[in-house]
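Trainee: So I've got this file, entry-v7.pdb, and it contains PDB, C-alpha atoms, pLDDT in the B column:
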ATOM      1  CA  MET A   1      32.696 -42.159  75.850  1.00 84.00           C
ATOM      2  CA  PHE A   2      36.085 -43.184  74.481  1.00 90.00           C
ATOM      3  CA  GLY A   3      34.812 -46.765  74.130  1.00 92.00           C
ATOM      4  CA  PHE A   4      31.692 -45.642  72.271  1.00 95.00           C
ATOM      5  CA  LEU A   5      33.787 -43.551  69.877  1.00 97.00           C
ATOM      6  CA  ALA A   6      36.122 -46.498  69.252  1.00 97.00           C
ATOM      7  CA  PHE A   7      33.064 -48.603  68.370  1.00 97.00           C
ATOM      8  CA  LEU A   8      31.905 -45.840  66.031  1.00 97.00           C
ATOM      9  CA  VAL A   9      35.244 -45.913  64.207  1.00 98.00           C
ATOM     10  CA  TRP A  10      35.032 -49.704  63.863  1.00 98.00           C
ATOM     11  CA  ALA A  11      31.495 -49.502  62.424  1.00 98.00           C
ATOM     12  CA  TYR A  12      32.473 -46.668  60.088  1.00 98.00           C
ATOM     13  CA  MET A  13      35.491 -48.489  58.649  1.00 98.00           C
ATOM     14  CA  THR A  14      33.551 -51.752  58.342  1.00 98.00           C
ATOM     15  CA  VAL A  15      30.962 -50.017  56.149  1.00 98.00           C
ATOM     16  CA  TRP A  16      33.706 -48.581  53.967  1.00 98.00           C
ATOM     17  CA  PHE A  17      35.310 -52.029  53.696  1.00 98.00           C
ATOM     18  CA  GLY A  18      32.003 -53.431  52.430  1.00 98.00           C
ATOM     19  CA  VAL A  19      31.783 -50.754  49.745  1.00 97.00           C
ATOM     20  CA  ALA A  20      35.432 -51.250  48.774  1.00 97.00           C
ATOM     21  CA  ALA A  21      34.978 -55.032  48.520  1.00 96.00           C
ATOM     22  CA  LEU A  22      31.986 -54.617  46.214  1.00 96.00           C
ATOM     23  CA  ARG A  23      33.829 -52.141  44.001  1.00 95.00           C
ATOM     24  CA  LYS A  24      37.197 -53.916  44.279  1.00 93.00           C
ATOM     25  CA  ARG A  25      38.856 -50.607  45.186  1.00 95.00           C
ATOM     26  CA  ASN A  26      40.724 -50.602  48.470  1.00 96.00           C
ATOM     27  CA  ASP A  27      41.932 -47.072  47.757  1.00 95.00           C
ATOM     28  CA  LEU A  28      38.508 -45.950  48.991  1.00 97.00           C
ATOM     29  CA  ALA A  29      40.178 -46.183  52.399  1.00 97.00           C
ATOM     30  CA  ASP A  30      42.019 -42.971  51.520  1.00 95.00           C
ATOM     31  CA  VAL A  31      38.719 -41.164  50.957  1.00 96.00           C
ATOM     32  CA  ALA A  32      37.340 -42.641  54.185  1.00 97.00           C
ATOM     33  CA  TRP A  33      40.357 -41.312  56.108  1.00 97.00           C
ATOM     34  CA  GLY A  34      39.518 -37.616  55.901  1.00 96.00           C
ATOM     35  CA  ILE A  35      35.767 -38.011  56.329  1.00 98.00           C
ATOM     36  CA  GLY A  36      36.283 -40.302  59.318  1.00 98.00           C
ATOM     37  CA  PHE A  37      37.935 -37.524  61.313  1.00 98.00           C
ATOM     38  CA  VAL A  38      34.960 -35.259  60.624  1.00 98.00           C
ATOM     39  CA  VAL A  39      32.533 -37.929  61.851  1.00 98.00           C
ATOM     40  CA  LEU A  40      34.629 -38.614  64.939  1.00 97.00           C
ATOM     41  CA  ALA A  41      35.045 -34.914  65.766  1.00 98.00           C
ATOM     42  CA  TRP A  42      31.352 -34.044  65.702  1.00 98.00           C
ATOM     43  CA  ALA A  43      30.243 -37.299  67.334  1.00 98.00           C
ATOM     44  CA  SER A  44      32.546 -36.545  70.276  1.00 97.00           C
ATOM     45  CA  TRP A  45      31.250 -32.955  70.389  1.00 97.00           C
ATOM     46  CA  ILE A  46      27.641 -34.187  70.613  1.00 96.00           C
ATOM     47  CA  VAL A  47      28.374 -36.553  73.508  1.00 95.00           C
ATOM     48  CA  GLY A  48      30.907 -34.187  75.108  1.00 94.00           C
ATOM     49  CA  THR A  49      30.917 -30.675  76.526  1.00 88.00           C
ATOM     50  CA  GLY A  50      29.664 -28.980  73.384  1.00 89.00           C
ATOM     51  CA  SER A  51      31.939 -25.975  73.948  1.00 91.00           C
ATOM     52  CA  ILE A  52      32.543 -23.181  71.443  1.00 92.00           C
ATOM     53  CA  LEU A  53      36.306 -23.779  71.389  1.00 93.00           C
ATOM     54  CA  ALA A  54      35.738 -27.467  70.672  1.00 95.00           C
ATOM     55  CA  ALA A  55      33.398 -26.513  67.829  1.00 96.00           C
ATOM     56  CA  MET A  56      36.144 -24.276  66.428  1.00 95.00           C
ATOM     57  CA  VAL A  57      38.645 -27.141  66.523  1.00 96.00           C
ATOM     58  CA  ASN A  58      36.069 -29.426  64.906  1.00 97.00           C
ATOM     59  CA  THR A  59      35.588 -26.849  62.172  1.00 97.00           C
ATOM     60  CA  LEU A  60      39.313 -26.983  61.408  1.00 97.00           C
ATOM     61  CA  VAL A  61      39.116 -30.777  61.260  1.00 98.00           C
ATOM     62  CA  THR A  62      36.061 -30.550  58.990  1.00 98.00           C
ATOM     63  CA  VAL A  63      37.772 -28.149  56.590  1.00 97.00           C
ATOM     64  CA  TRP A  64      40.889 -30.340  56.484  1.00 97.00           C
ATOM     65  CA  GLY A  65      39.097 -33.696  56.240  1.00 97.00           C
ATOM     66  CA  THR A  66      36.517 -32.639  53.655  1.00 97.00           C
ATOM     67  CA  ARG A  67      39.098 -30.985  51.411  1.00 96.00           C
ATOM     68  CA  LEU A  68      41.418 -33.991  51.635  1.00 95.00           C
ATOM     69  CA  ALA A  69      38.655 -36.519  50.916  1.00 96.00           C
ATOM     70  CA  TRP A  70      37.404 -34.526  47.926  1.00 96.00           C
ATOM     71  CA  HIS A  71      40.933 -34.092  46.578  1.00 93.00           C
ATOM     72  CA  ILE A  72      41.644 -37.822  46.794  1.00 94.00           C
ATOM     73  CA  TYR A  73      38.263 -38.731  45.298  1.00 95.00           C
ATOM     74  CA  ARG A  74      38.897 -36.464  42.302  1.00 92.00           C
ATOM     75  CA  ARG A  75      42.405 -37.864  41.895  1.00 89.00           C
ATOM     76  CA  HIS A  76      41.141 -41.463  41.855  1.00 90.00           C
ATOM     77  CA  ARG A  77      37.971 -40.905  39.807  1.00 89.00           C
ATOM     78  CA  GLY A  78      38.101 -42.593  36.429  1.00 87.00           C
ATOM     79  CA  ARG A  79      41.477 -44.195  37.123  1.00 90.00           C
ATOM     80  CA  PRO A  80      42.548 -47.714  38.114  1.00 91.00           C
ATOM     81  CA  GLU A  81      43.033 -48.575  41.776  1.00 93.00           C
ATOM     82  CA  ASP A  82      46.005 -46.784  43.373  1.00 89.00           C
ATOM     83  CA  PHE A  83      49.262 -48.633  42.601  1.00 84.00           C
ATOM     84  CA  ARG A  84      49.977 -49.404  46.284  1.00 86.00           C
ATOM     85  CA  TYR A  85      46.632 -51.106  46.861  1.00 92.00           C
ATOM     86  CA  ALA A  86      46.725 -52.836  43.469  1.00 91.00           C
ATOM     87  CA  ALA A  87      50.107 -54.347  44.360  1.00 90.00           C
ATOM     88  CA  TRP A  88      48.752 -55.648  47.675  1.00 93.00           C
ATOM     89  CA  ARG A  89      45.722 -57.123  45.883  1.00 93.00           C
ATOM     90  CA  VAL A  90      48.013 -59.212  43.692  1.00 93.00           C
ATOM     91  CA  GLN A  91      50.335 -60.086  46.584  1.00 94.00           C
ATOM     92  CA  TRP A  92      47.533 -61.225  48.903  1.00 96.00           C
ATOM     93  CA  GLY A  93      45.744 -63.352  46.311  1.00 92.00           C
ATOM     94  CA  ALA A  94      42.996 -65.512  47.845  1.00 93.00           C
ATOM     95  CA  TRP A  95      43.436 -63.732  51.197  1.00 96.00           C
ATOM     96  CA  VAL A  96      42.717 -60.307  49.767  1.00 96.00           C
ATOM     97  CA  LEU A  97      39.395 -59.781  51.586  1.00 97.00           C
ATOM     98  CA  PRO A  98      40.411 -60.677  55.169  1.00 97.00           C
ATOM     99  CA  ARG A  99      43.780 -58.987  54.807  1.00 97.00           C
ATOM    100  CA  SER A 100      42.208 -55.879  53.294  1.00 97.00           C
ATOM    101  CA  TYR A 101      39.776 -55.674  56.199  1.00 98.00           C
ATOM    102  CA  ALA A 102      42.451 -56.165  58.861  1.00 97.00           C
ATOM    103  CA  GLN A 103      45.531 -54.504  57.356  1.00 96.00           C
ATOM    104  CA  ILE A 104      43.886 -51.609  55.547  1.00 96.00           C
ATOM    105  CA  PHE A 105      40.508 -50.707  57.032  1.00 98.00           C
ATOM    106  CA  LEU A 106      40.786 -51.833  60.664  1.00 98.00           C
ATOM    107  CA  LEU A 107      44.388 -50.689  60.942  1.00 97.00           C
ATOM    108  CA  GLN A 108      43.545 -47.348  59.372  1.00 97.00           C
ATOM    109  CA  GLY A 109      40.624 -46.997  61.763  1.00 97.00           C
ATOM    110  CA  ALA A 110      42.891 -47.615  64.750  1.00 98.00           C
ATOM    111  CA  LEU A 111      45.390 -45.061  63.466  1.00 97.00           C
ATOM    112  CA  MET A 112      42.582 -42.581  62.856  1.00 98.00           C
ATOM    113  CA  TYR A 113      41.444 -42.977  66.449  1.00 98.00           C
ATOM    114  CA  GLY A 114      44.982 -42.427  67.706  1.00 98.00           C
ATOM    115  CA  VAL A 115      45.612 -39.345  65.579  1.00 98.00           C
ATOM    116  CA  ALA A 116      42.242 -37.883  66.627  1.00 98.00           C
ATOM    117  CA  LEU A 117      42.962 -38.115  70.377  1.00 97.00           C
ATOM    118  CA  PRO A 118      43.560 -34.342  70.697  1.00 97.00           C
ATOM    119  CA  VAL A 119      40.192 -33.687  69.056  1.00 97.00           C
ATOM    120  CA  LEU A 120      38.435 -36.150  71.341  1.00 97.00           C
ATOM    121  CA  ALA A 121      40.069 -34.536  74.377  1.00 96.00           C
ATOM    122  CA  VAL A 122      38.976 -31.004  73.497  1.00 96.00           C
ATOM    123  CA  ASN A 123      35.426 -32.265  72.983  1.00 96.00           C
ATOM    124  CA  LEU A 124      35.194 -34.415  76.094  1.00 96.00           C
ATOM    125  CA  PHE A 125      37.302 -32.643  78.752  1.00 94.00           C
ATOM    126  CA  PRO A 126      36.639 -29.440  80.730  1.00 89.00           C
ATOM    127  CA  LEU A 127      38.439 -26.420  79.276  1.00 85.00           C
ATOM    128  CA  THR A 128      40.908 -24.026  80.928  1.00 81.00           C
ATOM    129  CA  THR A 129      42.105 -22.033  77.949  1.00 72.00           C
ATOM    130  CA  SER A 130      45.545 -20.412  77.638  1.00 77.00           C
ATOM    131  CA  PRO A 131      44.797 -17.695  75.035  1.00 82.00           C
ATOM    132  CA  PHE A 132      48.333 -17.157  73.715  1.00 81.00           C
ATOM    133  CA  VAL A 133      49.102 -20.830  73.025  1.00 86.00           C
ATOM    134  CA  THR A 134      45.610 -21.285  71.576  1.00 88.00           C
ATOM    135  CA  VAL A 135      46.190 -18.473  69.080  1.00 91.00           C
ATOM    136  CA  VAL A 136      49.612 -19.917  68.209  1.00 94.00           C
ATOM    137  CA  GLY A 137      47.985 -23.297  67.600  1.00 95.00           C
ATOM    138  CA  PHE A 138      45.400 -21.855  65.234  1.00 96.00           C
ATOM    139  CA  ALA A 139      48.155 -19.957  63.370  1.00 97.00           C
ATOM    140  CA  VAL A 140      50.250 -23.130  63.008  1.00 97.00           C
ATOM    141  CA  TRP A 141      47.194 -24.946  61.644  1.00 98.00           C
ATOM    142  CA  CYS A 142      46.637 -22.202  59.053  1.00 97.00           C
ATOM    143  CA  ILE A 143      50.246 -22.494  57.870  1.00 98.00           C
ATOM    144  CA  GLY A 144      49.872 -26.247  57.529  1.00 98.00           C
ATOM    145  CA  PHE A 145      46.563 -25.970  55.686  1.00 97.00           C
ATOM    146  CA  ALA A 146      48.087 -23.519  53.214  1.00 97.00           C
ATOM    147  CA  PHE A 147      50.998 -25.859  52.467  1.00 98.00           C
ATOM    148  CA  GLU A 148      48.783 -28.911  52.019  1.00 97.00           C
ATOM    149  CA  SER A 149      46.012 -27.316  49.950  1.00 96.00           C
ATOM    150  CA  ILE A 150      48.304 -25.202  47.746  1.00 97.00           C
ATOM    151  CA  GLY A 151      50.744 -28.086  47.272  1.00 97.00           C
ATOM    152  CA  ASP A 152      47.930 -30.444  46.252  1.00 96.00           C
ATOM    153  CA  ALA A 153      46.479 -27.850  43.876  1.00 95.00           C
ATOM    154  CA  GLN A 154      49.855 -27.253  42.222  1.00 97.00           C
ATOM    155  CA  LEU A 155      50.378 -30.987  41.785  1.00 95.00           C
ATOM    156  CA  ALA A 156      46.874 -31.483  40.340  1.00 93.00           C
ATOM    157  CA  ARG A 157      47.419 -28.714  37.762  1.00 95.00           C
ATOM    158  CA  PHE A 158      50.830 -30.136  36.876  1.00 95.00           C
ATOM    159  CA  ILE A 159      49.461 -33.637  36.307  1.00 92.00           C
ATOM    160  CA  ALA A 160      46.522 -32.326  34.266  1.00 92.00           C
ATOM    161  CA  ASP A 161      48.829 -30.386  31.901  1.00 93.00           C
ATOM    162  CA  PRO A 162      49.711 -32.579  28.859  1.00 93.00           C
ATOM    163  CA  ALA A 163      52.893 -30.546  28.344  1.00 92.00           C
ATOM    164  CA  GLN A 164      54.196 -31.801  31.714  1.00 92.00           C
ATOM    165  CA  LYS A 165      53.661 -35.492  31.015  1.00 91.00           C
ATOM    166  CA  GLY A 166      56.650 -37.533  32.128  1.00 90.00           C
ATOM    167  CA  LYS A 167      58.150 -34.626  34.062  1.00 93.00           C
ATOM    168  CA  LEU A 168      58.733 -34.121  37.776  1.00 95.00           C
ATOM    169  CA  LEU A 169      57.118 -31.192  39.588  1.00 95.00           C
ATOM    170  CA  MET A 170      59.909 -29.017  40.984  1.00 95.00           C
ATOM    171  CA  SER A 171      58.319 -25.555  41.102  1.00 95.00           C
ATOM    172  CA  GLY A 172      55.985 -23.653  43.420  1.00 97.00           C
ATOM    173  CA  LEU A 173      56.050 -25.022  46.952  1.00 98.00           C
ATOM    174  CA  TRP A 174      57.651 -28.151  45.530  1.00 97.00           C
ATOM    175  CA  LYS A 175      60.795 -26.097  44.979  1.00 97.00           C
ATOM    176  CA  TYR A 176      61.298 -25.763  48.738  1.00 97.00           C
ATOM    177  CA  THR A 177      60.242 -29.210  49.935  1.00 98.00           C
ATOM    178  CA  ARG A 178      59.721 -32.468  48.071  1.00 97.00           C
ATOM    179  CA  HIS A 179      56.466 -32.994  49.943  1.00 97.00           C
ATOM    180  CA  PRO A 180      54.691 -29.707  50.792  1.00 97.00           C
ATOM    181  CA  ASN A 181      51.340 -31.468  51.147  1.00 96.00           C
ATOM    182  CA  TYR A 182      52.707 -33.950  53.686  1.00 97.00           C
ATOM    183  CA  PHE A 183      54.494 -31.176  55.570  1.00 98.00           C
ATOM    184  CA  GLY A 184      51.197 -29.292  55.670  1.00 98.00           C
ATOM    185  CA  GLU A 185      49.226 -32.254  56.993  1.00 97.00           C
ATOM    186  CA  VAL A 186      51.671 -32.898  59.814  1.00 98.00           C
ATOM    187  CA  THR A 187      51.824 -29.193  60.696  1.00 98.00           C
ATOM    188  CA  GLN A 188      48.044 -28.964  60.958  1.00 98.00           C
ATOM    189  CA  TRP A 189      47.902 -31.746  63.524  1.00 98.00           C
ATOM    190  CA  TRP A 190      50.638 -30.154  65.611  1.00 98.00           C
ATOM    191  CA  GLY A 191      48.663 -26.907  65.485  1.00 97.00           C
ATOM    192  CA  ILE A 192      45.530 -28.657  66.727  1.00 97.00           C
ATOM    193  CA  TRP A 193      47.529 -30.290  69.505  1.00 97.00           C
ATOM    194  CA  CYS A 194      48.801 -26.873  70.640  1.00 95.00           C
ATOM    195  CA  VAL A 195      45.203 -25.650  70.921  1.00 95.00           C
ATOM    196  CA  VAL A 196      44.133 -28.759  72.795  1.00 95.00           C
ATOM    197  CA  VAL A 197      46.998 -28.887  75.283  1.00 93.00           C
ATOM    198  CA  ALA A 198      46.523 -25.180  75.988  1.00 92.00           C
ATOM    199  CA  SER A 199      42.811 -25.630  76.651  1.00 91.00           C
ATOM    200  CA  THR A 200      42.726 -28.998  78.433  1.00 92.00           C
ATOM    201  CA  GLY A 201      46.242 -29.677  79.733  1.00 91.00           C
ATOM    202  CA  ALA A 202      45.987 -33.143  78.156  1.00 94.00           C
ATOM    203  CA  TRP A 203      49.640 -33.266  77.092  1.00 95.00           C
ATOM    204  CA  TRP A 204      49.415 -37.042  76.537  1.00 97.00           C
ATOM    205  CA  THR A 205      47.344 -36.374  73.408  1.00 97.00           C
ATOM    206  CA  VAL A 206      50.708 -35.670  71.762  1.00 98.00           C
ATOM    207  CA  ILE A 207      50.280 -39.316  70.722  1.00 97.00           C
ATOM    208  CA  GLY A 208      48.081 -37.999  67.907  1.00 98.00           C
ATOM    209  CA  PRO A 209      50.544 -35.741  66.069  1.00 98.00           C
ATOM    210  CA  LEU A 210      53.368 -38.197  66.788  1.00 98.00           C
ATOM    211  CA  ILE A 211      51.429 -40.964  65.013  1.00 98.00           C
ATOM    212  CA  ILE A 212      50.700 -38.898  61.897  1.00 97.00           C
ATOM    213  CA  THR A 213      54.295 -37.607  61.836  1.00 98.00           C
ATOM    214  CA  GLY A 214      55.672 -41.138  62.068  1.00 97.00           C
ATOM    215  CA  LEU A 215      53.324 -42.489  59.411  1.00 95.00           C
ATOM    216  CA  ILE A 216      54.174 -39.786  56.911  1.00 96.00           C
ATOM    217  CA  LEU A 217      57.916 -39.619  57.527  1.00 97.00           C
ATOM    218  CA  TRP A 218      58.764 -43.287  57.937  1.00 95.00           C
ATOM    219  CA  VAL A 219      55.889 -45.615  56.990  1.00 92.00           C
ATOM    220  CA  SER A 220      53.180 -45.094  54.375  1.00 85.00           C
ATOM    221  CA  GLY A 221      53.685 -41.514  53.255  1.00 88.00           C
ATOM    222  CA  ILE A 222      57.042 -40.281  52.007  1.00 95.00           C
ATOM    223  CA  PRO A 223      58.876 -43.665  51.851  1.00 94.00           C
ATOM    224  CA  MET A 224      56.286 -45.320  49.592  1.00 88.00           C
ATOM    225  CA  LEU A 225      55.958 -42.280  47.341  1.00 90.00           C
ATOM    226  CA  GLU A 226      59.691 -41.697  47.001  1.00 93.00           C
ATOM    227  CA  ALA A 227      60.263 -45.349  46.160  1.00 90.00           C
ATOM    228  CA  LYS A 228      58.299 -44.578  43.001  1.00 88.00           C
ATOM    229  CA  MET A 229      59.778 -41.097  42.470  1.00 92.00           C
ATOM    230  CA  LYS A 230      63.322 -42.501  42.527  1.00 93.00           C
ATOM    231  CA  LEU A 231      62.623 -44.187  39.201  1.00 92.00           C
ATOM    232  CA  HIS A 232      62.414 -40.752  37.549  1.00 94.00           C
ATOM    233  CA  PRO A 233      65.721 -39.679  35.942  1.00 94.00           C
ATOM    234  CA  ASP A 234      65.464 -36.146  37.399  1.00 94.00           C
ATOM    235  CA  PHE A 235      64.804 -37.248  40.968  1.00 95.00           C
ATOM    236  CA  ALA A 236      68.418 -37.611  42.122  1.00 94.00           C
ATOM    237  CA  ALA A 237      69.285 -34.004  41.215  1.00 95.00           C
ATOM    238  CA  TYR A 238      65.991 -32.763  42.639  1.00 96.00           C
ATOM    239  CA  ALA A 239      66.564 -34.591  45.926  1.00 95.00           C
ATOM    240  CA  LYS A 240      70.120 -33.240  46.180  1.00 95.00           C
ATOM    241  CA  ARG A 241      68.954 -29.601  46.181  1.00 95.00           C
ATOM    242  CA  THR A 242      65.484 -29.884  47.746  1.00 96.00           C
ATOM    243  CA  ASN A 243      64.710 -30.745  51.362  1.00 96.00           C
ATOM    244  CA  ARG A 244      62.802 -33.952  51.959  1.00 96.00           C
ATOM    245  CA  PHE A 245      60.234 -32.555  54.395  1.00 97.00           C
ATOM    246  CA  PHE A 246      60.830 -29.162  56.038  1.00 97.00           C
ATOM    247  CA  PRO A 247      60.645 -26.247  53.552  1.00 97.00           C
ATOM    248  CA  MET A 248      64.021 -24.604  52.980  1.00 96.00           C
ATOM    249  CA  ILE A 249      65.753 -22.535  50.307  1.00 94.00           C
ATOM    250  CA  PRO A 250      67.010 -24.952  47.628  1.00 93.00           C
ATOM    251  CA  ARG A 251      70.663 -25.954  47.918  1.00 88.00           C
ATOM    252  CA  ARG A 252      73.027 -25.176  45.089  1.00 79.00           C
ATOM    253  CA  SER A 253      73.766 -28.098  42.820  1.00 63.00           C
TER
END
Can the structure in the file be given as structure tokens, please?
Mentor:
Amino acid sequence: MFGFLAFLVWAYMTVWFGVAALRKRNDLADVAWGIGFVVLAWASWIVGTGSILAAMVNTLVTVWGTRLAWHIYRRHRGRPEDFRYAAWRVQWGAWVLPRSYAQIFLLQGALMYGVALPVLAVNLFPLTTSPFVTVVGFAVWCIGFAFESIGDAQLARFIADPAQKGKLLMSGLWKYTRHPNYFGEVTQWWGIWCVVVASTGAWWTVIGPLIITGLILWVSGIPMLEAKMKLHPDFAAYAKRTNRFFPMIPRRS
């Protein structure tokens, strides 16, 4: 079943690559990211045990993935291609299509598969639930979802307000962490892992939350975004008093 699901991810990302190539918008990969987890979750449920607990985990993934995809779609709608992908398009030149397919869509598909391992395990493996840890996992997920959804909503309102043009968001959840949405996303996946390891014993699926944590902290999440944020004149003072990732009371200047 794991092989079939890997093939499904490959087919899914290949279709999205075709659409992105036609529209010349590789940032469609960001929309595909959230929806892909939903597809993978329910496909593994259909071919797996079909348990109620697995359906509950899949529902969490569906809520997260659908909200994230819709948020990114609305953010990109009517705007030029995201600056990161636009820069790669210029850098890759004549090789833009093969490199986009390999380095954006196929790579993202492989990462998606790795992050989703806890979800695949809860759908495919027999369950022996530990109620306390399961409840803790669901609670951790709820905390993460609140941080990500509220943080994204606050940022969207800030950007849409003409009075805030050229300013840096430093209020709301953004007062306590420079990246509440990223903190929320990582927290949700650790919550799901807690549920899965409590119900299946598949501790090795920790690969999933470790991948998403590594990506956001050190690869394509915070580093790329803060490289742009550092150009803002208020960023240095903001960074001095506000934690990079974990929410904490702001430090005194």
Trainee: Using atom CA of A:Ile143 and atom CA of A:Val9 as the two end points, give the distance in Å to one decimal.
Mentor: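 Atom CA of A:Val9 lies 28.5 Å from atom CA of A:Ile143.
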Trainee: Considering only C-alpha atoms, can you say which of A:Leu173, A:Ala237, A:Leu217, A:Ile207 comes closest to A:Gly114?
Mentor: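 When distances to A:Gly114 are compared using only C-alpha atoms, the smallest one comes from A:Ile207.
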Trainee: Extract, using only C-alpha atoms, all DNA, RNA and protein residues at most 9 Å from A:Leu5, discarding same-chain residues fewer than 6 positions from it, and format them as a list in words.
Mentor: Leu40, Ala43, Ser44, Tyr113 and Leu120 of chain A
Trainee: Find the residue from A:Thr14, A:Thr66, A:Gln108, A:Thr129 that sits nearest to A:Leu215; use all atoms listed in the file when measuring.
Mentor: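 Smallest separation from A:Leu215 among the options: A:Gln108.
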Trainee: Could you spell out the hits of the PyMOL selection byres ((chain A and resi 28) around 10) on the shown file, as number ranges by chain?
Mentor: A: 16-17, 19-21, 23-27, 29-33, 69, 72-73, 76, 81-82, 85, 105
Trainee: Please expand the PyMOL selection byres ((chain A and resi 246) around 9) into the concrete residues it hits in this file, giving the result as a list in words.
Mentor: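 What the PyMOL selection byres ((chain A and resi 246) around 9) grabs from the file is Tyr176, Thr177, Arg178, His179, Pro180, Phe183, Asn243, Arg244, Phe245, Pro247 and Met248 of chain A.
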Trainee: I need the residues from that last selection saved to file as a CSV table (one decimal), in the coordinates of the input (with C-alpha atoms), if you can.
Mentor:
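The result, written out as result-v4.csv:
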chain,number,residue,atom,x,y,z
A,176,TYR,CA,61.3,-25.8,48.7
A,177,THR,CA,60.2,-29.2,49.9
A,178,ARG,CA,59.7,-32.5,48.1
A,179,HIS,CA,56.5,-33.0,49.9
A,180,PRO,CA,54.7,-29.7,50.8
A,183,PHE,CA,54.5,-31.2,55.6
A,243,ASN,CA,64.7,-30.7,51.4
A,244,ARG,CA,62.8,-34.0,52.0
A,245,PHE,CA,60.2,-32.6,54.4
A,247,PRO,CA,60.6,-26.2,53.6
A,248,MET,CA,64.0,-24.6,53.0
Trainee: So what do you get for atom CA of A:Ala11 versus atom CA of A:Thr49, distance-wise?
Mentor: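 Rounded to one decimal, the two atoms are 23.5 Å apart.
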Trainee: Write out as number ranges by chain which residues come within 10 Å of A:Val39 when counting all atoms listed in the file, dropping same-chain ones fewer than 3 positions away.
Mentor: A: 5, 8-9, 12, 34-36, 42-45, 58, 61-62, 65
Trainee: How would you write, as a PDB file with C-alpha atoms, in the frame of the given file, the residues chosen by the PyMOL selection byres ((chain A and resi 200) around 9) on this structure?
Mentor:
ATOM      1  CA  ALA A 121      40.069 -34.536  74.377  1.00 96.00           C
ATOM      2  CA  VAL A 122      38.976 -31.004  73.497  1.00 96.00           C
ATOM      3  CA  PHE A 125      37.302 -32.643  78.752  1.00 94.00           C
ATOM      4  CA  PRO A 126      36.639 -29.440  80.730  1.00 89.00           C
ATOM      5  CA  LEU A 127      38.439 -26.420  79.276  1.00 85.00           C
ATOM      6  CA  THR A 128      40.908 -24.026  80.928  1.00 81.00           C
ATOM      7  CA  THR A 129      42.105 -22.033  77.949  1.00 72.00           C
ATOM      8  CA  VAL A 195      45.203 -25.650  70.921  1.00 95.00           C
ATOM      9  CA  VAL A 196      44.133 -28.759  72.795  1.00 95.00           C
ATOM     10  CA  VAL A 197      46.998 -28.887  75.283  1.00 93.00           C
ATOM     11  CA  ALA A 198      46.523 -25.180  75.988  1.00 92.00           C
ATOM     12  CA  SER A 199      42.811 -25.630  76.651  1.00 91.00           C
ATOM     13  CA  GLY A 201      46.242 -29.677  79.733  1.00 91.00           C
ATOM     14  CA  ALA A 202      45.987 -33.143  78.156  1.00 94.00           C
ATOM     15  CA  TRP A 203      49.640 -33.266  77.092  1.00 95.00           C
TER      16      TRP A 203
END
Trainee: Could you pull out every residue with an atom within 12 Å of (51.9, -22.5, 64.8), file coordinates, counting only C-alpha atoms, and send them as a ChimeraX atom specification?
Mentor: /A:132-145,184,186-195
Trainee: Based on the selection just made, write C-alpha atoms of those residues as an mmCIF file, keeping the file's coordinate frame.
Mentor:
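Printed below is again.cif as written:
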data_model
loop_
_atom_site.group_PDB
_atom_site.id
_atom_site.type_symbol
_atom_site.label_atom_id
_atom_site.label_comp_id
_atom_site.auth_asym_id
_atom_site.auth_seq_id
_atom_site.Cartn_x
_atom_site.Cartn_y
_atom_site.Cartn_z
ATOM 1 C CA PHE A 132 48.333 -17.157 73.715
ATOM 2 C CA VAL A 133 49.102 -20.830 73.025
ATOM 3 C CA THR A 134 45.610 -21.285 71.576
ATOM 4 C CA VAL A 135 46.190 -18.473 69.080
ATOM 5 C CA VAL A 136 49.612 -19.917 68.209
ATOM 6 C CA GLY A 137 47.985 -23.297 67.600
ATOM 7 C CA PHE A 138 45.400 -21.855 65.234
ATOM 8 C CA ALA A 139 48.155 -19.957 63.370
ATOM 9 C CA VAL A 140 50.250 -23.130 63.008
ATOM 10 C CA TRP A 141 47.194 -24.946 61.644
ATOM 11 C CA CYS A 142 46.637 -22.202 59.053
ATOM 12 C CA ILE A 143 50.246 -22.494 57.870
ATOM 13 C CA GLY A 144 49.872 -26.247 57.529
ATOM 14 C CA PHE A 145 46.563 -25.970 55.686
ATOM 15 C CA GLY A 184 51.197 -29.292 55.670
ATOM 16 C CA VAL A 186 51.671 -32.898 59.814
ATOM 17 C CA THR A 187 51.824 -29.193 60.696
ATOM 18 C CA GLN A 188 48.044 -28.964 60.958
ATOM 19 C CA TRP A 189 47.902 -31.746 63.524
ATOM 20 C CA TRP A 190 50.638 -30.154 65.611
ATOM 21 C CA GLY A 191 48.663 -26.907 65.485
ATOM 22 C CA ILE A 192 45.530 -28.657 66.727
ATOM 23 C CA TRP A 193 47.529 -30.290 69.505
ATOM 24 C CA CYS A 194 48.801 -26.873 70.640
ATOM 25 C CA VAL A 195 45.203 -25.650 70.921
#
Trainee: Using all atoms listed in the file, which of A:Met13, A:Met170, A:Ser130, A:Asn123 sits nearest A:Ile52?
Mentor: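 Ranking A:Met13, A:Met170, A:Ser130, A:Asn123 by distance to A:Ile52, first place goes to A:Asn123.
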Trainee: So what do you get for atom CA of A:Met224 versus atom CA of A:Leu168, distance-wise?
Mentor: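 A separation of 16.5 Å between them.
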